[in-house]
Amino acid sequence: MTEKPISRYPIPDINDLPDDIKEMIAKVQEKAGFIPNIFLALAHRPAELRAFFAYHDALMEKESGLSKAEMEMIVVATSNANQCQYCVIAHGAVLRIRAKNSYIADQVAINYRKADISKRQKAMLDFAMKVSKEAYEVCDEDFRILQSHGFSDEDIWDIAGITAFFGLSNRMVNFTSMRTNNEFYSMARDISET
């Protein structure tokens with residue numbers, strides 16, 4: 001059986017990439033134990049790879065009123081709405097790890113309204129879905145609802161920013177036919193909420 005390509009665009013040889021990108025890929029490989037295909041596929045355009053991960057890290061690695069698990073919930077729910085298999089599976093694995101819960105990613109991806117999450121988190125995801133699908137309808141009432149669940153205006157920006165960024169990611173992944181690493185499918189399937 002022939003392995004399917006990672007992307008419809010050529011994947012550069014890691015040794016031919018700029019040093020900073022080689023270092024970035026080496027760090028993620030050391031941490032994850034493998035190289036997520038998004039790094040390899042986006043390395044087709046190194047400047048865009050740098051910009052993509054700079055914005056990713058600015059959104060996902062900072063202090064926020066959102067927990068790391070909540071950030072991943074946004075990615076999983078909106079990526080499912082955008083039919084982005086790579087992001088649902090990859091970030092579903094990260095969500096399972098961050099939430100210490102084997103079931104949460106599947107629940108959030110399939111129907112977050114039925115998932116075992118808080119009312120606050122459901123309100124967050126309702127807003128994220130609105131930003132993802134109907135951003136032109138966002139209004140003051142949306143802010144009032146989120147504020148009633150304890151979200152600050154900065155938290156609301158974070159919800160919208162994560163949603164918008166992963167909307168870009170979902171579209172690039174789908175357009176390139178990016179394949180999900182096999183490793184993501186089984187990651188953190190055997191952990192339970194503590």
# chains A, B, ... in the order shown; residues from 1 in each chain; ligands from 1
>>> residues_around(residues="segment 101-111 of chain A", least_positions_apart="3", cutoff="8 Å", atoms="only C-alpha atoms", output="list of chain:residue names")
A:Met73, A:Val76, A:Ala77, A:Asn80, A:Val88, A:Gly92, A:Ala93, A:Leu95, A:Arg96, A:Ile97, A:Arg98, A:Lys114, A:Ala115, A:Asp116, A:Ala188, A:Arg189, A:Asp190, A:Ile191, A:Ser192, A:Glu193
>>> closest_residue(among="A:Glu61, A:Asp20, A:Glu3, A:Asp126", to="Tyr112 of chain A", atoms="only C-alpha atoms")
A:Asp126
>>> residues_around(residues="Ala32 of chain A", least_positions_apart="5", cutoff="12 Å", atoms="only C-alpha atoms", output="NGL selection string")
:A and (25-27 or 37 or 90 or 93-94 or 181 or 183-184 or 187)
>>> write_last_selection(atoms="C-alpha atoms", output="PDB file, in the first residue's frame")
ATOM      1  CA  ILE A  25      10.376  21.729  13.570  1.00  0.00           C
ATOM      2  CA  ALA A  26      13.012  20.050  15.756  1.00  0.00           C
ATOM      3  CA  LYS A  27      11.457  21.554  18.909  1.00  0.00           C
ATOM      4  CA  ASN A  37       2.100  17.478   9.082  1.00  0.00           C
ATOM      5  CA  ALA A  90      -5.130  17.061  15.860  1.00  0.00           C
ATOM      6  CA  ALA A  93      -5.960  15.098  20.749  1.00  0.00           C
ATOM      7  CA  VAL A  94      -4.662  18.273  22.370  1.00  0.00           C
ATOM      8  CA  ASN A 181      -0.756  12.378  11.253  1.00  0.00           C
ATOM      9  CA  GLU A 183      -0.339   9.614  15.813  1.00  0.00           C
ATOM     10  CA  PHE A 184      -3.114  12.109  16.598  1.00  0.00           C
ATOM     11  CA  MET A 187      -3.352  10.230  21.530  1.00  0.00           C
TER      12      MET A 187
END
>>> atom_distance(atom1="atom CA of Glu72 of chain A", atom2="atom CA of Glu137 of chain A")
23.7 Å
>>> select_by_dssp(residues="segment 5-153 of chain A", states="alpha helix (DSSP H)", output="PyMOL selection string")
chain A and resi 19-32+37-42+46-60+68-81+85-99+104-111+119-134+140-148+153
>>> residues_around(residues="Asn170 of chain A", least_positions_apart="6", cutoff="7 Å", atoms="only C-alpha atoms", output="PyMOL selection string")
chain A and resi 79+82+84+87
>>> write_last_selection(atoms="N, CA and C atoms", output="mmCIF file, in the first residue's frame")
data_model
loop_
_atom_site.group_PDB
_atom_site.id
_atom_site.type_symbol
_atom_site.label_atom_id
_atom_site.label_comp_id
_atom_site.auth_asym_id
_atom_site.auth_seq_id
_atom_site.Cartn_x
_atom_site.Cartn_y
_atom_site.Cartn_z
ATOM 1 N N SER A 79 -13.736 23.960 13.892
ATOM 2 C CA SER A 79 -13.107 23.191 12.813
ATOM 3 C C SER A 79 -14.046 22.107 12.305
ATOM 4 N N ASN A 82 -16.407 23.685 10.018
ATOM 5 C CA ASN A 82 -15.737 23.977 8.745
ATOM 6 C C ASN A 82 -15.258 22.711 8.027
ATOM 7 N N CYS A 84 -13.020 20.498 8.769
ATOM 8 C CA CYS A 84 -11.565 20.376 8.706
ATOM 9 C C CYS A 84 -11.129 19.169 9.522
ATOM 10 N N CYS A 87 -7.736 19.500 11.664
ATOM 11 C CA CYS A 87 -7.798 20.288 12.902
ATOM 12 C C CYS A 87 -8.671 19.631 13.961
#
>>> atom_distance(atom1="atom CA of Phe151 of chain A", atom2="atom CA of Lys62 of chain A")
16.2 Å
>>> closest_residue(among="A:Ile162, A:Ala81, A:Val173, A:Ile21", to="Met129 of chain A", atoms="only C-alpha atoms")
A:Ala81
>>> closest_residue(among="A:Ala51, A:Leu125, A:Val138, A:Ala99", to="Thr78 of chain A", atoms="only C-alpha atoms")
A:Leu125
>>> residues_around(residues="Gly150 of chain A", least_positions_apart="5", cutoff="10 Å", atoms="only C-alpha atoms", output="mmCIF file with C-alpha atoms, in the first residue's frame")
data_model
loop_
_atom_site.group_PDB
_atom_site.id
_atom_site.type_symbol
_atom_site.label_atom_id
_atom_site.label_comp_id
_atom_site.auth_asym_id
_atom_site.auth_seq_id
_atom_site.Cartn_x
_atom_site.Cartn_y
_atom_site.Cartn_z
ATOM 1 C CA GLY A 65 -9.318 34.207 30.976
ATOM 2 C CA ARG A 120 -20.269 28.938 30.391
ATOM 3 C CA ARG A 144 -23.979 40.724 27.345
ATOM 4 C CA ILE A 145 -24.546 36.950 27.252
ATOM 5 C CA ASP A 155 -11.746 37.012 26.754
#
>>> atom_distance(atom1="atom CA of Phe165 of chain A", atom2="atom CA of Ala54 of chain A")
11.4 Å
>>> residues_around(residues="Pro10 of chain A", least_positions_apart="2", cutoff="8 Å", atoms="only C-alpha atoms", output="number ranges by chain")
A: 7-8, 12, 41, 44
>>> write_last_selection(atoms="N, CA and C atoms", output="PDB file, in the first residue's frame")
ATOM      1  N   SER A   7       0.262  16.557   1.456  1.00  0.00           N
ATOM      2  CA  SER A   7      -0.356  17.753   0.890  1.00  0.00           C
ATOM      3  C   SER A   7      -0.312  17.647  -0.628  1.00  0.00           C
ATOM      4  N   ARG A   8      -1.189  18.377  -1.277  1.00  0.00           N
ATOM      5  CA  ARG A   8      -1.130  18.388  -2.742  1.00  0.00           C
ATOM      6  C   ARG A   8       0.032  19.245  -3.251  1.00  0.00           C
ATOM      7  N   PRO A  12       8.957  20.306   1.290  1.00  0.00           N
ATOM      8  CA  PRO A  12      10.399  20.526   1.150  1.00  0.00           C
ATOM      9  C   PRO A  12      11.195  19.572   2.032  1.00  0.00           C
ATOM     10  N   ALA A  41       3.748  20.766   5.640  1.00  0.00           N
ATOM     11  CA  ALA A  41       2.976  21.287   4.508  1.00  0.00           C
ATOM     12  C   ALA A  41       3.151  22.797   4.361  1.00  0.00           C
ATOM     13  N   HIS A  44       6.238  24.744   2.752  1.00  0.00           N
ATOM     14  CA  HIS A  44       6.286  25.044   1.315  1.00  0.00           C
ATOM     15  C   HIS A  44       6.518  26.541   1.092  1.00  0.00           C
TER      16      HIS A  44
END
>>> residues_around(residues="Pro46 of chain A", least_positions_apart="6", cutoff="12 Å", atoms="only C-alpha atoms", output="PyMOL selection string")
chain A and resi 11-12+14+16-22+24-25+39-40+52-53
